[in-house]
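Heads up: the structure comes next, in structure tokens.
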Amino acid sequence: MTKEPQPLKAALWMSGAIFSFSAMAVAAREINGAHDSFEIMAARSLIGLVLVLVIGGLTGQLGRIRAERLSGHAARNIVHFTAQNLWFWSLTMIPLAQVFALEFTSPVWVILLSPLLLGERLTGPRMLAAALGFVGILIVARPDLTHLNPGVLAAAASALGFAITSILTKRLTRGEAVIGILFWLTLFQSLFGLVAAGYDGVVHWPTLQTLPWLGLIGVCGVLAHFSLTSALSLAPASFVVPIDFLRLPLIAVIGALAYAEPIDPFVLGGGAVIFAGIWISIRAEWRARKKSA
């Protein structure tokens, strides 16, 4: 039997995901240059795997980890690992704002693909939330898409990959425990990261300066995916994922406070448009739930 959607709880879980992803971004910036993306992902996943096993053992949930849908977990993590590395690579090719603008087209892909791949209903408020979110991102970042280059294509492909990852995660929540999804996530990502990090024969081991930041990335990585997976188990993906639009204006504020990066009016205006779209979607879902109750 399908669970009744709980949009308010899903939105609260997504706030945890937004905070965790933002903290990961700050930590990754602090160790920029000391470790490559493969090493960071390997460390994050290994720390996450230990946390999942410890928490699962303490709460008695390790028995809920199953291998019946191993192919689904493998497919999800291959797509996610590929998208994540395309995103890291695009950061070295094109301006950061342009990468973010393209990354945040992911919720648009989720809304468009979820009716086809998940059988979810494409409502007017969800379409409006996606449209306003996309417009807000364009206002904030003002990307120049007139000249396509490999970096632009990589960032665009990573956004599509993140969208497919969210959809595959939503599929797994239908019958899979969150602890199981997190276990296979951290295990697969650890294996992928270790193989990729050692492929060139050069590995930069953690130092006293980078270890705390790597630890923060590992902890926040688990919290972020736990929050995201929990949100997807409570509400449709086409409702949950657009909430992630809030991450861009939040990171802009963090950049201003922590790194003295200027905030221009376009960031504030775009953030307002993004929030308006999310609020319309949340209100519509909440009213529909009250009406059905």
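Labels used: A, B, ... for chains in the order of the structure tokens, numbers from 1 for residues in each chain, and numbers from 1 for ligands as shown.
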
Using only C-alpha atoms, what does the table of region 30-82 of chain A residues within 10 Å of region 196-212 of chain A look like, with each row giving the shortest atom pair and its distance in Å to one decimal, sorted by chain and ascending number, as a Markdown table?
```
| residue | atom | partner | partner_atom | distance |
| --- | --- | --- | --- | --- |
| A:Glu30 | CA | A:Thr210 | CA | 8.2 |
| A:Ile31 | CA | A:Thr210 | CA | 6.1 |
| A:Asn32 | CA | A:Thr210 | CA | 9.7 |
| A:Ala34 | CA | A:His204 | CA | 7.4 |
| A:His35 | CA | A:His204 | CA | 6.1 |
| A:Asp36 | CA | A:Ala197 | CA | 7.9 |
| A:Ser37 | CA | A:Ala197 | CA | 8.2 |
| A:Phe38 | CA | A:Ala197 | CA | 4.9 |
| A:Glu39 | CA | A:Ala197 | CA | 5.3 |
| A:Ile40 | CA | A:Ala197 | CA | 8.9 |
| A:Met41 | CA | A:Ala197 | CA | 8.9 |
| A:Ala42 | CA | A:Ala197 | CA | 7.4 |
| A:Ala43 | CA | A:Pro206 | CA | 8.9 |
```

Extract, using only C-alpha atoms, all DNA, RNA and protein residues at most 8 Å from Ile167 (chain A), discarding same-chain residues fewer than 2 positions from it, and format them as an mmCIF file with C-alpha atoms, in the first residue's frame.
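Ended up saving to selection-v2.cif:
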```cif
data_model
loop_
_atom_site.group_PDB
_atom_site.id
_atom_site.type_symbol
_atom_site.label_atom_id
_atom_site.label_comp_id
_atom_site.auth_asym_id
_atom_site.auth_seq_id
_atom_site.Cartn_x
_atom_site.Cartn_y
_atom_site.Cartn_z
ATOM 1 C CA VAL A 110 13.024 15.506 -12.166
ATOM 2 C CA SER A 114 8.975 11.689 -12.840
ATOM 3 C CA LEU A 117 9.685 6.969 -14.762
ATOM 4 C CA LEU A 118 7.756 7.131 -11.474
ATOM 5 C CA ALA A 163 18.002 14.149 -11.616
ATOM 6 C CA ILE A 164 18.141 10.479 -12.622
ATOM 7 C CA THR A 165 19.815 9.705 -9.288
ATOM 8 C CA THR A 169 16.432 6.891 -5.164
ATOM 9 C CA LYS A 170 12.688 7.454 -5.106
ATOM 10 C CA ARG A 171 12.207 4.058 -6.728
ATOM 11 C CA ALA A 237 10.213 13.579 -6.087
#
```

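The list of residues with at least one atom within 12 Å of region 56-65 of chain A, based on only C-alpha atoms and without residues fewer than 4 positions apart in the same chain, reads Gly48, Leu49, Val50, Leu51, Val52, Arg69, Leu70, His73, Gly175, Glu176, Ala177, Val178, Ile179, Gly180, Ile181, Leu182, Phe183, Trp184 and Leu185 of chain A.
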
Based on the selection just made, write N, CA and C atoms of those residues as a PDB file, in the first residue's frame.
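This went into again.pdb:
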```
ATOM      1  N   GLY A  48      31.550   7.708   5.678  1.00  0.00           N
ATOM      2  CA  GLY A  48      30.113   7.472   5.691  1.00  0.00           C
ATOM      3  C   GLY A  48      29.759   6.016   5.921  1.00  0.00           C
ATOM      4  N   LEU A  49      30.529   5.108   5.313  1.00  0.00           N
ATOM      5  CA  LEU A  49      30.266   3.678   5.485  1.00  0.00           C
ATOM      6  C   LEU A  49      30.427   3.275   6.943  1.00  0.00           C
ATOM      7  N   VAL A  50      31.485   3.770   7.590  1.00  0.00           N
ATOM      8  CA  VAL A  50      31.694   3.471   9.014  1.00  0.00           C
ATOM      9  C   VAL A  50      30.525   4.010   9.846  1.00  0.00           C
ATOM     10  N   LEU A  51      30.096   5.225   9.566  1.00  0.00           N
ATOM     11  CA  LEU A  51      28.981   5.822  10.311  1.00  0.00           C
ATOM     12  C   LEU A  51      27.694   5.021  10.129  1.00  0.00           C
ATOM     13  N   VAL A  52      27.430   4.620   8.893  1.00  0.00           N
ATOM     14  CA  VAL A  52      26.212   3.847   8.625  1.00  0.00           C
ATOM     15  C   VAL A  52      26.232   2.534   9.398  1.00  0.00           C
ATOM     16  N   ARG A  69      17.685  -6.039  -4.353  1.00  0.00           N
ATOM     17  CA  ARG A  69      17.624  -5.034  -5.417  1.00  0.00           C
ATOM     18  C   ARG A  69      19.017  -4.428  -5.668  1.00  0.00           C
ATOM     19  N   LEU A  70      20.001  -5.308  -5.652  1.00  0.00           N
ATOM     20  CA  LEU A  70      21.387  -4.862  -5.790  1.00  0.00           C
ATOM     21  C   LEU A  70      21.622  -4.175  -7.130  1.00  0.00           C
ATOM     22  N   HIS A  73      20.556  -0.591  -6.808  1.00  0.00           N
ATOM     23  CA  HIS A  73      21.546   0.197  -6.056  1.00  0.00           C
ATOM     24  C   HIS A  73      22.773   0.480  -6.914  1.00  0.00           C
ATOM     25  N   GLY A 175       9.980   0.206  -0.788  1.00  0.00           N
ATOM     26  CA  GLY A 175      10.278  -1.139  -0.325  1.00  0.00           C
ATOM     27  C   GLY A 175      11.650  -1.298   0.295  1.00  0.00           C
ATOM     28  N   GLU A 176      12.532  -0.317   0.142  1.00  0.00           N
ATOM     29  CA  GLU A 176      13.867  -0.393   0.727  1.00  0.00           C
ATOM     30  C   GLU A 176      13.964   0.528   1.937  1.00  0.00           C
ATOM     31  N   ALA A 177      14.607   0.044   3.002  1.00  0.00           N
ATOM     32  CA  ALA A 177      14.822   0.875   4.183  1.00  0.00           C
ATOM     33  C   ALA A 177      15.900   1.914   3.895  1.00  0.00           C
ATOM     34  N   VAL A 178      15.800   3.061   4.568  1.00  0.00           N
ATOM     35  CA  VAL A 178      16.787   4.125   4.368  1.00  0.00           C
ATOM     36  C   VAL A 178      18.194   3.630   4.705  1.00  0.00           C
ATOM     37  N   ILE A 179      18.330   2.820   5.769  1.00  0.00           N
ATOM     38  CA  ILE A 179      19.634   2.317   6.180  1.00  0.00           C
ATOM     39  C   ILE A 179      20.254   1.465   5.065  1.00  0.00           C
ATOM     40  N   GLY A 180      19.413   0.719   4.343  1.00  0.00           N
ATOM     41  CA  GLY A 180      19.912  -0.097   3.247  1.00  0.00           C
ATOM     42  C   GLY A 180      20.388   0.733   2.074  1.00  0.00           C
ATOM     43  N   ILE A 181      19.624   1.779   1.748  1.00  0.00           N
ATOM     44  CA  ILE A 181      20.015   2.666   0.658  1.00  0.00           C
ATOM     45  C   ILE A 181      21.339   3.354   0.973  1.00  0.00           C
ATOM     46  N   LEU A 182      21.490   3.808   2.225  1.00  0.00           N
ATOM     47  CA  LEU A 182      22.722   4.488   2.623  1.00  0.00           C
ATOM     48  C   LEU A 182      23.910   3.526   2.654  1.00  0.00           C
ATOM     49  N   PHE A 183      23.665   2.283   3.085  1.00  0.00           N
ATOM     50  CA  PHE A 183      24.756   1.309   3.134  1.00  0.00           C
ATOM     51  C   PHE A 183      25.312   1.044   1.736  1.00  0.00           C
ATOM     52  N   TRP A 184      24.430   0.758   0.777  1.00  0.00           N
ATOM     53  CA  TRP A 184      24.901   0.469  -0.570  1.00  0.00           C
ATOM     54  C   TRP A 184      25.472   1.717  -1.237  1.00  0.00           C
ATOM     55  N   LEU A 185      24.933   2.881  -0.883  1.00  0.00           N
ATOM     56  CA  LEU A 185      25.494   4.131  -1.400  1.00  0.00           C
ATOM     57  C   LEU A 185      26.946   4.280  -0.982  1.00  0.00           C
TER      58      LEU A 185
END
```

CA of Phe100 (chain A) to CA of Ile217 (chain A), straight-line distance in Å: 19.3 Å

In region 52-235 of chain A, DSSP helix (DSSP H, G or I) residues written as a PyMOL selection string: chain A and resi 52-59+62-64+70-91+96-103+106-117+124-141+150-173+178-197+211-234

Only C-alpha atoms, please: the residues just picked out, written as a short mmCIF file (atom, residue, chain, number, x, y, z; two decimals), in the first residue's frame.
```cif
data_model
loop_
_atom_site.label_atom_id
_atom_site.label_comp_id
_atom_site.auth_asym_id
_atom_site.auth_seq_id
_atom_site.Cartn_x
_atom_site.Cartn_y
_atom_site.Cartn_z
CA VAL A 52 26.21 3.85 8.63
CA LEU A 53 27.48 0.57 10.12
CA VAL A 54 27.89 2.08 13.60
CA ILE A 55 24.49 3.79 13.60
CA GLY A 56 22.82 0.76 12.05
CA GLY A 57 24.37 -1.48 14.70
CA LEU A 58 23.39 0.77 17.60
CA THR A 59 19.81 1.08 16.38
CA LEU A 62 21.55 -3.69 10.09
CA GLY A 63 19.17 -6.59 9.53
CA ARG A 64 17.14 -4.34 7.23
CA LEU A 70 21.39 -4.86 -5.79
CA SER A 71 21.16 -4.03 -9.49
CA GLY A 72 19.02 -0.99 -8.65
CA HIS A 73 21.55 0.20 -6.06
CA ALA A 74 24.41 -0.35 -8.51
CA ALA A 75 22.66 1.61 -11.26
CA ARG A 76 21.88 4.49 -8.89
CA ASN A 77 25.45 4.75 -7.66
CA ILE A 78 27.05 4.47 -11.11
CA VAL A 79 24.90 7.38 -12.30
CA HIS A 80 25.59 9.40 -9.15
CA PHE A 81 29.35 8.79 -9.21
CA THR A 82 29.54 9.79 -12.88
CA ALA A 83 27.44 12.92 -12.37
CA GLN A 84 29.44 13.98 -9.32
CA ASN A 85 32.75 13.73 -11.15
CA LEU A 86 31.40 15.54 -14.21
CA TRP A 87 30.36 18.33 -11.84
CA PHE A 88 33.82 18.52 -10.24
CA TRP A 89 35.48 18.53 -13.67
CA SER A 90 33.21 21.29 -14.97
CA LEU A 91 34.31 23.49 -12.06
CA LEU A 96 31.36 28.69 -10.83
CA ALA A 97 28.10 30.60 -11.29
CA GLN A 98 27.58 28.95 -14.65
CA VAL A 99 28.14 25.50 -13.15
CA PHE A 100 25.59 26.20 -10.42
CA ALA A 101 23.05 27.51 -12.93
CA LEU A 102 23.32 24.34 -14.97
CA GLU A 103 23.36 22.08 -11.89
CA SER A 106 18.20 19.10 -12.15
CA PRO A 107 14.80 19.68 -10.45
CA VAL A 108 13.35 20.63 -13.83
CA TRP A 109 14.50 17.27 -15.21
CA VAL A 110 13.02 15.51 -12.17
CA ILE A 111 9.64 17.15 -12.65
CA LEU A 112 9.64 16.34 -16.36
CA LEU A 113 10.88 12.75 -15.99
CA SER A 114 8.98 11.69 -12.84
CA PRO A 115 5.65 11.17 -14.66
CA LEU A 116 7.40 8.88 -17.15
CA LEU A 117 9.69 6.97 -14.76
CA GLY A 124 0.31 22.88 -12.26
CA PRO A 125 2.00 24.04 -9.01
CA ARG A 126 4.91 21.63 -9.52
CA MET A 127 5.43 22.87 -13.07
CA LEU A 128 5.23 26.47 -11.85
CA ALA A 129 7.76 25.74 -9.07
CA ALA A 130 10.17 24.27 -11.61
CA ALA A 131 9.71 27.19 -14.00
CA LEU A 132 10.14 29.86 -11.31
CA GLY A 133 13.13 28.02 -9.86
CA PHE A 134 14.81 27.86 -13.23
CA VAL A 135 14.09 31.54 -13.90
CA GLY A 136 15.49 32.40 -10.45
CA ILE A 137 18.68 30.47 -11.12
CA LEU A 138 19.14 32.30 -14.43
CA ILE A 139 18.65 35.64 -12.65
CA VAL A 140 21.22 34.72 -9.99
CA ALA A 141 23.90 33.23 -12.21
CA PRO A 150 33.11 20.74 -22.92
CA GLY A 151 32.73 22.32 -19.46
CA VAL A 152 29.19 23.47 -20.22
CA LEU A 153 28.26 20.06 -21.62
CA ALA A 154 29.77 18.33 -18.55
CA ALA A 155 27.82 20.54 -16.13
CA ALA A 156 24.60 19.99 -18.10
CA ALA A 157 25.17 16.24 -18.13
CA SER A 158 25.83 16.24 -14.37
CA ALA A 159 22.49 17.98 -13.77
CA LEU A 160 20.70 15.29 -15.76
CA GLY A 161 22.64 12.64 -13.84
CA PHE A 162 21.64 14.12 -10.48
CA ALA A 163 18.00 14.15 -11.62
CA ILE A 164 18.14 10.48 -12.62
CA THR A 165 19.82 9.71 -9.29
CA SER A 166 16.91 11.32 -7.42
CA ILE A 167 14.40 9.34 -9.45
CA LEU A 168 16.27 6.06 -8.89
CA THR A 169 16.43 6.89 -5.16
CA LYS A 170 12.69 7.45 -5.11
CA ARG A 171 12.21 4.06 -6.73
CA LEU A 172 14.37 2.40 -4.09
CA THR A 173 12.39 4.00 -1.24
CA VAL A 178 16.79 4.12 4.37
CA ILE A 179 19.63 2.32 6.18
CA GLY A 180 19.91 -0.10 3.25
CA ILE A 181 20.01 2.67 0.66
CA LEU A 182 22.72 4.49 2.62
CA PHE A 183 24.76 1.31 3.13
CA TRP A 184 24.90 0.47 -0.57
CA LEU A 185 25.49 4.13 -1.40
CA THR A 186 28.56 4.43 0.82
CA LEU A 187 29.88 0.97 -0.10
CA PHE A 188 29.65 1.45 -3.87
CA GLN A 189 30.96 5.02 -3.70
CA SER A 190 33.89 3.89 -1.54
CA LEU A 191 34.88 1.23 -4.06
CA PHE A 192 34.47 3.57 -7.02
CA GLY A 193 36.41 6.35 -5.28
CA LEU A 194 39.31 4.11 -4.20
CA VAL A 195 39.73 2.64 -7.67
CA ALA A 196 39.57 6.06 -9.34
CA ALA A 197 41.86 7.73 -6.78
CA LEU A 211 41.61 15.45 8.04
CA PRO A 212 39.01 17.54 9.99
CA TRP A 213 37.56 18.87 6.74
CA LEU A 214 37.45 15.38 5.23
CA GLY A 215 35.71 14.20 8.40
CA LEU A 216 33.14 16.98 8.05
CA ILE A 217 32.57 16.04 4.42
CA GLY A 218 32.06 12.39 5.42
CA VAL A 219 29.59 13.16 8.21
CA CYS A 220 27.66 15.71 6.16
CA GLY A 221 27.61 13.34 3.19
CA VAL A 222 25.73 10.75 5.25
CA LEU A 223 23.42 13.36 6.78
CA ALA A 224 22.69 14.89 3.39
CA HIS A 225 21.75 11.62 1.73
CA PHE A 226 19.85 10.43 4.80
CA SER A 227 17.82 13.65 4.76
CA LEU A 228 17.26 13.51 1.00
CA THR A 229 16.27 9.84 1.06
CA SER A 230 13.91 10.43 4.00
CA ALA A 231 12.31 13.36 2.18
CA LEU A 232 11.83 11.28 -0.97
CA SER A 233 10.17 8.54 1.10
CA LEU A 234 7.61 11.06 2.40
#
```

Counting only C-alpha atoms, the option among A:Leu8, A:Ala276, A:Phe245, A:Arg44 closest to Ala28 (chain A):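 Distance minimum relative to Ala28 (chain A) lands on A:Arg44.
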
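Taking CA of Phe275 (chain A) and CA of Leu246 (chain A) as the two end points, the separation is 6.9 Å.
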
Distance criterion (only C-alpha atoms): nearest to Phe239 (chain A) out of A:Ala258, A:Ser20, A:Gln6, A:Val267: A:Gln6

One-decimal distance in Å that lies between CA of Ser22 (chain A) and CA of Leu250 (chain A): 7.8 Å
